[in-house]
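K.L.:
Have a peek at data-v8.cif (mmCIF, C-alpha atoms and all ligand atoms).
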data_protein
loop_
_atom_site.label_atom_id
_atom_site.label_comp_id
_atom_site.auth_asym_id
_atom_site.auth_seq_id
_atom_site.Cartn_x
_atom_site.Cartn_y
_atom_site.Cartn_z
CA MET A 73 -56.68 2.56 -5.59
CA ASN A 74 -55.36 -0.51 -3.88
CA ARG A 75 -54.64 -2.85 -6.74
CA ASN A 76 -53.61 -5.58 -4.31
CA THR A 77 -57.24 -6.36 -3.70
CA ARG A 78 -57.53 -7.49 -7.33
CA GLY A 79 -55.11 -10.27 -6.51
CA SER A 80 -53.08 -10.18 -9.71
CA ILE A 81 -50.77 -7.27 -9.09
CA ILE A 82 -48.68 -7.78 -6.02
CA ARG A 83 -46.56 -4.66 -5.72
CA PRO A 84 -48.22 -1.59 -4.21
CA ASP A 85 -48.46 1.81 -5.82
CA PRO A 86 -45.65 4.26 -5.04
CA LEU A 87 -45.70 6.15 -1.74
CA PRO A 88 -48.34 8.88 -1.49
CA GLU A 89 -47.25 12.25 -2.79
CA SER A 90 -46.23 14.83 -0.20
CA ALA A 91 -45.47 18.51 -0.71
CA SER A 92 -43.23 18.36 2.35
CA ARG A 93 -40.16 16.17 2.73
CA PRO A 94 -39.02 13.85 5.52
CA VAL A 95 -36.11 15.23 7.56
CA VAL A 96 -34.73 11.74 8.14
CA THR A 97 -33.18 9.81 5.27
CA PRO A 98 -35.70 7.17 4.16
CA LEU A 99 -34.59 3.57 4.51
CA SER A 100 -34.52 1.86 1.11
CA PRO A 101 -34.33 -1.89 1.56
CA SER A 102 -35.30 -2.57 -2.04
CA VAL A 103 -32.91 -5.02 -3.68
CA VAL A 104 -34.18 -4.27 -7.17
CA TYR A 105 -35.08 -1.05 -8.92
CA ALA A 106 -37.54 -1.03 -11.79
CA SER A 107 -36.84 0.98 -14.94
CA GLU A 108 -39.29 2.48 -17.42
CA THR A 109 -37.89 0.95 -20.61
CA PRO A 110 -34.81 -0.84 -21.98
CA ASP A 111 -33.70 2.54 -23.37
CA ALA A 112 -33.90 4.05 -19.90
CA LEU A 113 -31.83 1.17 -18.56
CA ASP A 114 -29.26 1.78 -21.29
CA ASP A 115 -29.02 5.40 -20.18
CA GLN A 116 -28.35 4.25 -16.66
CA TYR A 117 -25.74 1.62 -17.52
CA GLU A 118 -23.99 4.02 -19.85
CA GLY A 119 -23.83 6.61 -17.09
CA ARG A 120 -25.98 9.21 -18.88
CA VAL A 121 -28.36 9.28 -15.93
CA HIS A 122 -27.92 8.12 -12.37
CA GLY A 123 -30.04 5.28 -11.09
CA TYR A 124 -29.93 2.09 -9.11
CA THR A 125 -30.49 -1.38 -10.50
CA TYR A 126 -29.64 -4.08 -7.97
CA SER A 127 -28.56 -3.27 -4.44
CA ARG A 128 -25.35 -5.32 -4.54
CA GLU A 129 -24.21 -2.73 -7.06
CA GLY A 130 -25.14 0.20 -4.86
CA HIS A 131 -28.11 1.65 -3.04
CA PRO A 132 -29.16 5.07 -1.69
CA ASN A 133 -28.42 4.42 1.99
CA ALA A 134 -24.85 3.30 1.24
CA ASP A 135 -24.30 6.32 -1.00
CA VAL A 136 -25.47 8.69 1.74
CA VAL A 137 -22.89 7.23 4.15
CA ALA A 138 -20.14 7.21 1.52
CA LYS A 139 -20.75 10.86 0.63
CA ARG A 140 -20.65 11.87 4.27
CA LEU A 141 -17.32 10.08 4.77
CA ASP A 142 -15.96 11.46 1.50
CA ALA A 143 -16.62 14.95 2.80
CA MET A 144 -14.95 14.18 6.12
CA GLU A 145 -11.85 12.68 4.46
CA GLY A 146 -11.57 15.22 1.63
CA ALA A 147 -12.17 12.36 -0.82
CA THR A 148 -14.45 11.60 -3.74
CA GLY A 149 -15.99 8.32 -4.83
CA GLY A 150 -15.52 6.36 -1.60
CA TRP A 151 -17.31 3.06 -1.25
CA VAL A 152 -19.11 1.50 1.73
CA THR A 153 -18.59 -2.22 2.40
CA GLY A 154 -20.26 -4.73 4.71
CA SER A 155 -17.47 -4.53 7.32
CA GLY A 156 -14.15 -2.88 7.99
CA MET A 157 -12.40 -6.10 6.99
CA ALA A 158 -14.27 -6.05 3.68
CA ALA A 159 -12.78 -2.60 3.10
CA VAL A 160 -9.28 -3.88 3.93
CA THR A 161 -9.89 -6.79 1.56
CA ALA A 162 -11.11 -4.50 -1.23
CA ALA A 163 -7.91 -2.46 -0.99
CA LEU A 164 -5.59 -5.48 -0.91
CA LEU A 165 -7.27 -7.93 -3.26
CA GLY A 166 -8.91 -5.31 -5.44
CA LEU A 167 -5.55 -3.73 -6.27
CA LEU A 168 -2.88 -6.42 -5.88
CA LYS A 169 -2.17 -9.50 -7.96
CA ALA A 170 -0.08 -12.65 -7.67
CA ASP A 171 3.67 -11.99 -7.44
CA ASP A 172 3.14 -8.53 -5.99
CA HIS A 173 4.58 -7.74 -2.58
CA VAL A 174 2.94 -5.72 0.20
CA ILE A 175 4.37 -4.45 3.47
CA GLY A 176 2.15 -4.15 6.53
CA GLY A 177 2.62 -2.39 9.83
CA ASN A 178 3.73 -4.94 12.42
CA GLN A 179 0.91 -4.02 14.82
CA LEU A 180 -2.00 -4.00 12.39
CA TYR A 181 -5.51 -4.96 13.51
CA GLY A 182 -5.55 -8.71 14.22
CA ARG A 183 -7.51 -9.81 11.15
CA SER A 184 -5.49 -7.55 8.86
CA LEU A 185 -2.35 -9.17 10.25
CA ARG A 186 -3.85 -12.58 9.62
CA MET A 187 -4.61 -11.59 6.03
CA MET A 188 -0.96 -10.55 5.66
CA LYS A 189 0.38 -13.74 7.18
CA GLU A 190 -2.06 -16.35 5.83
CA ASP A 191 -4.36 -15.31 3.03
CA LEU A 192 -2.24 -13.10 0.80
CA PRO A 193 0.68 -15.56 0.69
CA ARG A 194 -1.78 -18.38 -0.16
CA LEU A 195 -2.88 -16.31 -3.17
CA GLY A 196 0.69 -15.70 -4.28
CA ILE A 197 1.02 -12.18 -2.88
CA ALA A 198 4.19 -11.90 -0.80
CA THR A 199 4.05 -9.93 2.45
CA SER A 200 6.43 -8.45 5.01
CA LEU A 201 5.82 -6.65 8.27
CA ALA A 202 7.76 -3.72 9.69
CA ASP A 203 7.45 -0.98 12.30
CA PRO A 204 5.45 1.89 10.75
CA GLY A 205 7.14 4.31 13.12
CA ASP A 206 10.51 3.50 11.57
CA VAL A 207 10.76 4.55 7.93
CA LYS A 208 14.21 2.96 7.55
CA ALA A 209 12.87 -0.40 8.74
CA MET A 210 9.99 -0.11 6.25
CA ALA A 211 12.35 0.92 3.44
CA ALA A 212 14.55 -2.09 4.17
CA GLN A 213 11.62 -4.38 3.27
CA ILE A 214 10.98 -2.84 -0.14
CA ARG A 215 11.55 -5.10 -3.15
CA PRO A 216 11.18 -4.38 -6.87
CA GLU A 217 7.69 -5.95 -6.76
CA THR A 218 6.46 -4.02 -3.70
CA ARG A 219 3.17 -2.35 -4.63
CA MET A 220 1.64 -1.23 -1.35
CA ILE A 221 2.32 -0.35 2.27
CA LEU A 222 -0.63 -0.75 4.66
CA VAL A 223 -0.46 0.92 8.06
CA GLU A 224 -2.63 2.22 10.85
CA VAL A 225 -1.96 5.67 12.28
CA VAL A 226 -2.12 4.74 15.96
CA SER A 227 -1.31 1.14 16.84
CA ASN A 228 -3.51 -1.15 18.87
CA PRO A 229 -3.11 -1.49 21.83
CA THR A 230 0.26 0.15 22.44
CA LEU A 231 -0.83 3.46 20.87
CA ARG A 232 2.38 4.12 18.94
CA VAL A 233 2.04 6.79 16.24
CA ALA A 234 3.17 5.85 12.71
CA ASP A 235 5.45 8.15 10.73
CA ILE A 236 2.86 8.75 8.03
CA SER A 237 4.67 11.73 6.49
CA GLY A 238 7.93 9.78 6.27
CA LEU A 239 6.15 6.78 4.79
CA ALA A 240 4.30 8.97 2.28
CA GLU A 241 7.60 10.40 1.09
CA LEU A 242 9.13 6.91 0.83
CA CYS A 243 6.11 5.64 -1.11
CA ARG A 244 6.17 8.61 -3.46
CA ASP A 245 9.87 8.07 -4.17
CA LYS A 246 9.42 4.38 -4.87
CA GLY A 247 6.07 4.50 -6.68
CA ILE A 248 4.33 2.46 -3.97
CA LEU A 249 0.74 2.96 -2.81
CA LEU A 250 0.32 4.04 0.81
CA ALA A 251 -2.89 2.66 2.32
CA VAL A 252 -3.89 4.03 5.73
CA ASP A 253 -6.45 2.40 8.01
CA ASN A 254 -7.79 5.50 9.76
CA THR A 255 -10.22 3.70 12.10
CA PHE A 256 -8.62 4.68 15.41
CA THR A 257 -7.82 8.25 14.52
CA THR A 258 -10.89 9.09 12.40
CA PRO A 259 -10.94 12.17 10.13
CA ARG A 260 -11.57 14.27 13.23
CA ALA A 261 -7.93 13.77 14.31
CA PHE A 262 -6.23 12.84 11.05
CA ARG A 263 -6.94 13.03 7.32
CA PRO A 264 -4.57 10.65 5.53
CA PHE A 265 -4.98 12.34 2.12
CA ASP A 266 -3.68 15.60 3.60
CA HIS A 267 -0.50 13.73 4.53
CA GLY A 268 0.20 11.98 1.25
CA ALA A 269 -1.72 8.70 1.58
CA ASP A 270 -3.17 7.09 -1.56
CA ILE A 271 -5.89 4.96 0.02
CA VAL A 272 -7.98 5.46 3.16
CA ILE A 273 -9.76 2.62 4.95
CA HIS A 274 -12.28 2.73 7.80
CA SER A 275 -14.11 0.34 10.02
CA ILE A 276 -17.31 2.41 10.35
CA THR A 277 -18.29 -0.17 12.99
CA LYS A 278 -16.19 1.67 15.56
CA LEU A 279 -16.26 5.39 16.36
CA LEU A 280 -18.02 6.60 13.22
CA ALA A 281 -21.23 4.62 13.72
CA GLY A 282 -20.43 4.61 17.40
CA HIS A 283 -23.15 2.51 19.01
CA SER A 284 -21.92 -1.08 18.51
CA ASP A 285 -25.01 -1.97 16.52
CA VAL A 286 -23.67 -1.72 12.97
CA MET A 287 -20.87 -3.44 11.08
CA LEU A 288 -19.62 -1.51 8.04
CA GLY A 289 -16.45 -0.37 6.30
CA TYR A 290 -15.35 2.30 3.85
CA VAL A 291 -12.53 2.50 1.35
CA VAL A 292 -11.43 5.24 -0.99
CA ALA A 293 -8.45 5.92 -3.24
CA ARG A 294 -7.25 9.32 -4.33
CA ASP A 295 -6.95 8.03 -7.89
CA ALA A 296 -10.31 7.52 -9.62
CA ALA A 297 -9.13 4.47 -11.59
CA LEU A 298 -7.99 2.69 -8.42
CA ASN A 299 -11.27 3.62 -6.80
CA GLU A 300 -13.17 2.01 -9.64
CA ARG A 301 -11.15 -1.21 -9.35
CA MET A 302 -11.90 -1.49 -5.63
CA ARG A 303 -15.56 -0.72 -6.23
CA VAL A 304 -15.97 -3.32 -8.96
CA PHE A 305 -14.06 -5.92 -6.92
CA SER A 306 -16.23 -5.35 -3.88
CA ILE A 307 -19.40 -5.66 -5.96
CA THR A 308 -18.19 -8.85 -7.62
CA THR A 309 -17.20 -10.42 -4.32
CA GLY A 310 -20.43 -9.35 -2.59
CA MET A 311 -19.10 -7.00 0.07
CA THR A 312 -22.46 -5.24 -0.03
CA PRO A 313 -23.54 -3.29 3.05
CA SER A 314 -27.08 -3.69 4.32
CA PRO A 315 -29.31 -0.62 3.77
CA PHE A 316 -30.46 -0.80 7.38
CA ASP A 317 -26.87 -0.83 8.67
CA CYS A 318 -26.10 2.17 6.48
CA TRP A 319 -29.19 3.93 7.77
CA LEU A 320 -28.10 3.31 11.37
CA ALA A 321 -24.54 4.36 10.58
CA GLU A 322 -25.75 7.64 9.11
CA ARG A 323 -27.71 8.32 12.27
CA GLY A 324 -24.63 7.56 14.36
CA MET A 325 -22.42 9.75 12.21
CA LEU A 326 -24.67 12.77 12.76
CA SER A 327 -23.30 12.98 16.30
CA PHE A 328 -19.83 11.60 15.58
CA GLU A 329 -17.89 14.81 16.06
CA LEU A 330 -19.54 15.64 19.36
CA ARG A 331 -18.98 12.11 20.59
CA PHE A 332 -15.36 12.09 19.48
CA ASP A 333 -14.52 15.39 21.15
CA ARG A 334 -16.20 14.39 24.37
CA ALA A 335 -14.58 10.93 24.50
CA GLN A 336 -11.18 12.39 23.67
CA ALA A 337 -11.39 15.03 26.39
CA THR A 338 -12.37 12.35 28.88
CA ALA A 339 -9.52 10.12 27.68
CA VAL A 340 -7.00 12.88 28.43
CA ALA A 341 -8.43 13.29 31.92
CA LEU A 342 -8.60 9.55 32.52
CA ALA A 343 -4.98 9.05 31.44
CA ASP A 344 -3.84 11.68 33.93
CA HIS A 345 -6.02 10.17 36.63
CA LEU A 346 -4.74 6.63 36.03
CA SER A 347 -1.14 7.80 36.22
CA GLU A 348 -1.72 8.89 39.81
CA LEU A 349 -3.33 5.67 41.03
CA PRO A 350 -1.32 3.23 43.14
CA GLY A 351 -1.01 -0.12 41.37
CA VAL A 352 -0.84 1.41 37.88
CA LYS A 353 2.64 0.75 36.49
CA ARG A 354 2.35 2.91 33.41
CA VAL A 355 -0.15 4.81 31.30
CA ILE A 356 0.04 5.14 27.54
CA TYR A 357 -1.60 8.09 25.81
CA PRO A 358 -0.12 9.71 22.70
CA THR A 359 -0.05 13.30 23.95
CA ARG A 360 1.38 12.58 27.41
CA ALA A 361 4.85 13.93 28.13
CA ASP A 362 6.23 10.41 28.65
CA HIS A 363 4.91 9.01 25.34
CA PRO A 364 7.70 8.13 22.88
CA ASP A 365 5.76 9.53 19.88
CA ARG A 366 4.50 12.65 21.55
CA ASN A 367 6.08 14.95 18.96
CA ARG A 368 4.47 13.02 16.15
CA ALA A 369 1.10 13.21 17.90
CA GLU A 370 1.68 16.94 18.05
CA THR A 371 2.48 17.38 14.35
CA LEU A 372 0.40 14.64 12.69
CA LEU A 373 -2.63 14.59 14.98
CA ALA A 374 -2.58 18.31 15.80
CA GLY A 375 -2.08 17.53 19.46
CA GLN A 376 -4.99 15.11 19.62
CA GLY A 377 -4.61 11.74 21.27
CA CYS A 378 -8.01 10.19 20.39
CA ASN A 379 -10.23 8.18 22.73
CA MET A 380 -8.01 5.22 23.59
CA VAL A 381 -5.93 4.92 26.74
CA SER A 382 -3.79 1.92 27.63
CA PHE A 383 -2.35 1.13 31.04
CA GLU A 384 -0.59 -1.61 32.91
CA LEU A 385 -1.68 -2.92 36.29
CA ASP A 386 0.59 -4.47 38.87
CA GLY A 387 -0.25 -8.02 39.81
CA GLY A 388 -0.60 -9.96 36.54
CA ARG A 389 -3.65 -12.04 35.54
CA ALA A 390 -5.11 -12.20 39.06
CA ALA A 391 -5.23 -8.43 39.25
CA ALA A 392 -6.62 -8.26 35.70
CA ASN A 393 -9.47 -10.63 36.64
CA ALA A 394 -10.21 -8.69 39.81
CA PHE A 395 -10.19 -5.41 37.89
CA THR A 396 -12.71 -6.40 35.20
CA ARG A 397 -14.93 -7.94 37.89
CA ALA A 398 -14.86 -4.74 39.93
CA ALA A 399 -15.17 -2.29 37.01
CA GLU A 400 -18.87 -1.79 37.44
CA GLY A 401 -20.77 -0.50 34.44
CA LEU A 402 -17.86 -0.92 32.01
CA SER A 403 -18.07 -3.68 29.41
CA PHE A 404 -15.12 -6.03 29.13
CA ALA A 405 -15.61 -6.50 25.41
CA PRO A 406 -13.38 -6.66 22.34
CA THR A 407 -14.46 -3.51 20.56
CA LEU A 408 -13.82 0.21 20.58
CA GLY A 409 -15.56 3.45 19.80
CA ASP A 410 -18.82 2.61 21.53
CA VAL A 411 -20.85 5.25 23.38
CA GLY A 412 -19.98 3.32 26.54
CA THR A 413 -16.45 2.79 27.82
CA THR A 414 -15.12 -0.68 27.00
CA LEU A 415 -12.11 -2.54 28.33
CA SER A 416 -9.93 -4.84 26.32
CA HIS A 417 -7.30 -7.21 27.68
CA PRO A 418 -4.99 -8.05 24.76
CA ALA A 419 -3.32 -11.04 26.44
CA SER A 420 -6.63 -12.94 26.56
CA SER A 421 -8.19 -11.57 23.36
CA SER A 422 -6.68 -9.64 20.44
CA HIS A 423 -3.10 -10.81 21.13
CA ARG A 424 -3.71 -14.24 22.61
CA ALA A 425 -2.14 -15.95 19.60
CA LEU A 426 1.22 -14.37 20.44
CA SER A 427 3.64 -16.03 22.85
CA VAL A 428 4.34 -14.42 26.22
CA ASP A 429 7.72 -13.30 24.87
CA GLU A 430 6.22 -11.81 21.71
CA ARG A 431 3.73 -9.88 23.82
CA ALA A 432 6.49 -8.77 26.17
CA ALA A 433 8.43 -7.43 23.17
CA LEU A 434 5.41 -5.23 22.37
CA GLY A 435 5.19 -4.17 26.02
CA MET A 436 2.03 -6.15 26.77
CA SER A 437 1.95 -7.99 30.09
CA GLU A 438 -0.97 -9.80 31.77
CA GLY A 439 -1.77 -6.53 33.53
CA PHE A 440 -2.08 -4.59 30.25
CA PHE A 441 -5.47 -3.06 29.43
CA ARG A 442 -6.72 -0.90 26.60
CA VAL A 443 -9.61 1.40 27.39
CA SER A 444 -11.91 2.75 24.69
CA VAL A 445 -13.30 5.80 26.45
CA GLY A 446 -17.00 6.50 25.97
CA LEU A 447 -19.41 9.24 26.89
CA GLU A 448 -19.85 8.71 30.62
CA ASP A 449 -19.51 11.56 33.06
CA PRO A 450 -15.72 11.94 33.41
CA GLU A 451 -15.80 12.21 37.20
CA GLN A 452 -17.92 9.10 37.51
CA LEU A 453 -15.62 7.24 35.15
CA LYS A 454 -12.53 8.20 37.15
CA GLN A 455 -14.28 6.99 40.28
CA ILE A 456 -15.07 3.61 38.71
CA PHE A 457 -11.42 3.15 37.75
CA SER A 458 -10.18 4.25 41.18
CA THR A 459 -12.44 1.78 42.92
CA ALA A 460 -11.82 -1.14 40.55
CA ILE A 461 -8.05 -0.69 40.47
CA GLY A 462 -7.98 -0.25 44.26
CA GLU A 463 -9.76 -3.57 44.65
CA ALA A 464 -7.63 -5.29 42.04
CA VAL A 465 -4.27 -4.38 43.51
CA SER A 466 -5.27 -4.94 47.14
CA LYS A 467 -6.09 -8.60 46.41
C1 LIG B 1 -12.24 -3.19 13.85
C2 LIG B 1 -11.15 -2.81 12.94
C3 LIG B 1 -11.08 -3.32 11.64
C4 LIG B 1 -12.11 -4.28 11.10
O1 LIG B 1 -13.37 -3.72 11.07
P1 LIG B 1 -14.72 -4.59 11.17
O2 LIG B 1 -15.78 -3.60 10.92
O3 LIG B 1 -14.74 -5.19 12.54
O4 LIG B 1 -14.61 -5.65 10.12
C5 LIG B 1 -10.04 -2.92 10.83
N1 LIG B 1 -9.09 -2.08 11.28
C6 LIG B 1 -9.12 -1.58 12.54
C7 LIG B 1 -8.05 -0.65 12.97
C8 LIG B 1 -10.14 -1.92 13.41
O5 LIG B 1 -10.17 -1.43 14.66
#
Please, can you express the file's structure as structure tokens?
P.N.:
Amino acid sequence: MNRNTRGSIIRPDPLPESASRPVVTPLSPSVVYASETPDALDDQYEGRVHGYTYSREGHPNADVVAKRLDAMEGATGGWVTGSGMAAVTAALLGLLKADDHVIGGNQLYGRSLRMMKEDLPRLGIATSLADPGDVKAMAAQIRPETRMILVEVVSNPTLRVADISGLAELCRDKGILLAVDNTFTTPRAFRPFDHGADIVIHSITKLLAGHSDVMLGYVVARDAALNERMRVFSITTGMTPSPFDCWLAERGMLSFELRFDRAQATAVALADHLSELPGVKRVIYPTRADHPDRNRAETLLAGQGCNMVSFELDGGRAAANAFTRAAEGLSFAPTLGDVGTTLSHPASSSHRALSVDERAALGMSEGFFRVSVGLEDPEQLKQIFSTAIGEAVSK
């Protein structure tokens, strides 16, 4: 019976019954969930039965993504947020308070760095930055009120590998939380909880969802009480992910491991190829013999280098312009982890706020590029780089 035709009852009857089940997760855009009775609602709020009430507080599509990531990270109770930065915010503001102190890696993602330098100090949370590859330098920043160290495993765009084991030991000794943003490495190459981290953060936007059409984050703590604080904070502050984004992310994650392995294998080949091209000054890839953290990549990442390759062209900005113009089919775009290969030029984008000298100190010249390797045919990709770099350096 279609009650809508009577005009007074707006909402349709439930979906038709089916003895068979859909193989694809249904999309549930409903903001509200209706309960049978006040008693039934009590049962839900008191945790005696599971149910949804209002989608800011959780919804099925977010839970499906969270459970999938929990399994990948060896975690329980992880929480999906509306962006990777929301996840970073949930960890920092959900767990810290005024007069606390937090230490960040000195090459954190740009917005995380900005949070360290601008927003946390404004809220009365003191911050310091140090090299996450140097445990002594990190230890030197610790104060009595230090509560957390936040690092990424592989730095952007210089691809240095943090000493996560050393930092975990330091944090354990001092009773400090170690939060690891695992976006670049993904659980395919690195599981922070296996190496002593307390909190894991992801931008699902990148490799996990993988198609540059979804913005989402994930955060989880090993300790259930900390997890609950981050969850409640993210609900209160409205970090809610959209059901549709979660639905898309789940679809992307179904092929994540295949995509990661393929992109990583191509990245290894591309790094070797670039190192042989005239006009390329240097190539950075964590497992290459000339990488300063090669041993750490071997032990921490099990010999994996992930899908990012950085390199430096001769010829400064003019060569950089000529290269992106000639790199046919590759997007010059500030993201990573897409199915297609993307190029990033830190001097004009992610690191433009730094002075030339500050960039030079990090080893980033005008000819410096970071490549997020995608799923193209490796031979075709090598050819595109050969041609574009040949044109760029002949100018
Ligand atoms: C992109 C990124 C973020 C932020 O994620 P969004 O989904 O863009 O908000 C945080 N950390 C790292 C390492 C990233 O690459």
K.L.:
Name the residues, using the chain letters and numbers of the file, that sit within 10 Å of (10.0, -8.5, 8.5) when counting only C-alpha atoms, and give them as JSON, numbers by chain.
P.N.:
{"A": [175, 176, 177, 178, 199, 200, 201, 202, 203, 209, 210, 212, 213]}
K.L.:
Kindly work out which residues sit at most 8 Å from ligand LIG 1 (chain B), using only C-alpha atoms and all ligand atoms, and give the list as a ChimeraX atom specification.
P.N.:
/A:154-160,180-181,183-184,224,227-228,253-256,273-278,287-289,407-408
K.L.:
Please report the interatomic distance between atom CA of A:Asp333 and atom CA of A:Pro315 in Å with one decimal.
P.N.:
27.9 Å
K.L.:
I need every residue sitting at most 9 Å from the point (8.9, -9.2, -4.7) (coordinates as in the file, all atoms listed in the file considered), written as a list in words.
P.N.:
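Output: Asp171, Asp172, His173, Val174, Ile197, Ala198, Thr199, Ile214, Arg215, Pro216, Glu217, Thr218 and Arg219 of chain A.
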K.L.:
Please determine, counting only C-alpha atoms, which residue among A:Gly388, A:Pro450, A:Gly412, A:Pro406 has the shortest atom-to-atom distance to A:Leu342.
P.N.:
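Smallest separation from A:Leu342 among the options: A:Pro450.
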K.L.:
Using atom CA of A:Thr413 and atom CA of A:Leu280 as the two end points, give the distance in Å to one decimal.
P.N.:
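Separating atom CA of A:Thr413 from atom CA of A:Leu280 is a distance of 15.2 Å.
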K.L.:
Hey, could you make a per-residue contact list for stretch 232-260 of chain A against stretch 124-144 of chain A with 10 Å as the cut-off, showing the nearest pair of atoms and its distance in Å to one decimal, counting all atoms listed in the file, sorted by chain and number, as CSV?
P.N.:
residue,atom,partner,partner_atom,distance
A:Thr258,CA,A:Met144,CA,9.0
A:Pro259,CA,A:Met144,CA,6.0
A:Arg260,CA,A:Met144,CA,7.9
K.L.:
Name all residues at most 9 Å from A:Thr230 (count all atoms listed in the file; drop same-chain ones fewer than 5 positions away) and give them as an mmCIF file with C-alpha atoms, in the frame of the given file.
P.N.:
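This went into result14.cif:
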data_model
loop_
_atom_site.group_PDB
_atom_site.id
_atom_site.type_symbol
_atom_site.label_atom_id
_atom_site.label_comp_id
_atom_site.auth_asym_id
_atom_site.auth_seq_id
_atom_site.Cartn_x
_atom_site.Cartn_y
_atom_site.Cartn_z
ATOM 1 C CA GLN A 179 0.910 -4.020 14.820
ATOM 2 C CA ILE A 356 0.040 5.140 27.540
ATOM 3 C CA TYR A 357 -1.600 8.090 25.810
ATOM 4 C CA VAL A 381 -5.930 4.920 26.740
ATOM 5 C CA SER A 382 -3.790 1.920 27.630
ATOM 6 C CA LEU A 434 5.410 -5.230 22.370
ATOM 7 C CA GLY A 435 5.190 -4.170 26.020
ATOM 8 C CA MET A 436 2.030 -6.150 26.770
ATOM 9 C CA ARG A 442 -6.720 -0.900 26.600
#
K.L.:
Considering all atoms listed in the file, return as a VMD selection string whatever protein or nucleic-acid residues lie within 10 Å of A:Ala162, sequence-local ones (same chain, fewer than 5 positions apart) excluded.
P.N.:
chain A and resid 151 153 156 to 157 167 to 168 273 290 to 292 299 301 to 307 309 311
K.L.:
Keeping only C-alpha atoms, write the selected residues to a file as a PDB file, in the frame of the given file.
P.N.:
ATOM      1  CA  TRP A 151     -17.310   3.060  -1.250  1.00  0.00           C
ATOM      2  CA  THR A 153     -18.590  -2.220   2.400  1.00  0.00           C
ATOM      3  CA  GLY A 156     -14.150  -2.880   7.990  1.00  0.00           C
ATOM      4  CA  MET A 157     -12.400  -6.100   6.990  1.00  0.00           C
ATOM      5  CA  LEU A 167      -5.550  -3.730  -6.270  1.00  0.00           C
ATOM      6  CA  LEU A 168      -2.880  -6.420  -5.880  1.00  0.00           C
ATOM      7  CA  ILE A 273      -9.760   2.620   4.950  1.00  0.00           C
ATOM      8  CA  TYR A 290     -15.350   2.300   3.850  1.00  0.00           C
ATOM      9  CA  VAL A 291     -12.530   2.500   1.350  1.00  0.00           C
ATOM     10  CA  VAL A 292     -11.430   5.240  -0.990  1.00  0.00           C
ATOM     11  CA  ASN A 299     -11.270   3.620  -6.800  1.00  0.00           C
ATOM     12  CA  ARG A 301     -11.150  -1.210  -9.350  1.00  0.00           C
ATOM     13  CA  MET A 302     -11.900  -1.490  -5.630  1.00  0.00           C
ATOM     14  CA  ARG A 303     -15.560  -0.720  -6.230  1.00  0.00           C
ATOM     15  CA  VAL A 304     -15.970  -3.320  -8.960  1.00  0.00           C
ATOM     16  CA  PHE A 305     -14.060  -5.920  -6.920  1.00  0.00           C
ATOM     17  CA  SER A 306     -16.230  -5.350  -3.880  1.00  0.00           C
ATOM     18  CA  ILE A 307     -19.400  -5.660  -5.960  1.00  0.00           C
ATOM     19  CA  THR A 309     -17.200 -10.420  -4.320  1.00  0.00           C
ATOM     20  CA  MET A 311     -19.100  -7.000   0.070  1.00  0.00           C
TER      21      MET A 311
END
K.L.:
Enter the distance from atom CA of A:Ala261 to atom CA of A:Val226, in Å, rounded to one decimal.
P.N.:
10.9 Å
K.L.:
Padding 3 Å on each side, edges along x, y and z: where is the centre of the box around the listed atoms of stretch 275-294 of chain A, and how long are its edges in Å to one decimal? Output it as JSON.
P.N.:
{"center_x": -16.1, "center_y": 2.9, "center_z": 7.3, "size_x": 23.8, "size_y": 18.8, "size_z": 29.3}
K.L.:
Might you pull out every residue within 12 Å of A:Ala464, with only C-alpha atoms counted and same-chain residues fewer than 4 positions away left off, and present them as a list in words?
P.N.:
Leu349, Pro350, Gly351, Val352, Leu385, Asp386, Gly387, Gly388, Arg389, Ala390, Ala391, Ala392, Asn393, Ala394, Phe395, Thr396, Arg397, Ala398, Ala399, Gly439, Phe457, Ser458, Thr459 and Ala460 of chain A
K.L.:
Please, could you write that set of residues out with C-alpha atoms as a JSON list (two decimals), in the frame of the given file?
P.N.:
[["chain", "number", "residue", "atom", "x", "y", "z"],
["A", 349, "LEU", "CA", -3.33, 5.67, 41.03],
["A", 350, "PRO", "CA", -1.32, 3.23, 43.14],
["A", 351, "GLY", "CA", -1.01, -0.12, 41.37],
["A", 352, "VAL", "CA", -0.84, 1.41, 37.88],
["A", 385, "LEU", "CA", -1.68, -2.92, 36.29],
["A", 386, "ASP", "CA", 0.59, -4.47, 38.87],
["A", 387, "GLY", "CA", -0.25, -8.02, 39.81],
["A", 388, "GLY", "CA", -0.60, -9.96, 36.54],
["A", 389, "ARG", "CA", -3.65, -12.04, 35.54],
["A", 390, "ALA", "CA", -5.11, -12.20, 39.06],
["A", 391, "ALA", "CA", -5.23, -8.43, 39.25],
["A", 392, "ALA", "CA", -6.62, -8.26, 35.70],
["A", 393, "ASN", "CA", -9.47, -10.63, 36.64],
["A", 394, "ALA", "CA", -10.21, -8.69, 39.81],
["A", 395, "PHE", "CA", -10.19, -5.41, 37.89],
["A", 396, "THR", "CA", -12.71, -6.40, 35.20],
["A", 397, "ARG", "CA", -14.93, -7.94, 37.89],
["A", 398, "ALA", "CA", -14.86, -4.74, 39.93],
["A", 399, "ALA", "CA", -15.17, -2.29, 37.01],
["A", 439, "GLY", "CA", -1.77, -6.53, 33.53],
["A", 457, "PHE", "CA", -11.42, 3.15, 37.75],
["A", 458, "SER", "CA", -10.18, 4.25, 41.18],
["A", 459, "THR", "CA", -12.44, 1.78, 42.92],
["A", 460, "ALA", "CA", -11.82, -1.14, 40.55]]
K.L.:
Name the residues in contact with A:Ser427 at a cut-off of 12 Å, using all atoms listed in the file, excluding same-chain residues fewer than 4 positions from it; report them as a ChimeraX atom specification.
P.N.:
/A:418-420,423,431-434,436-438
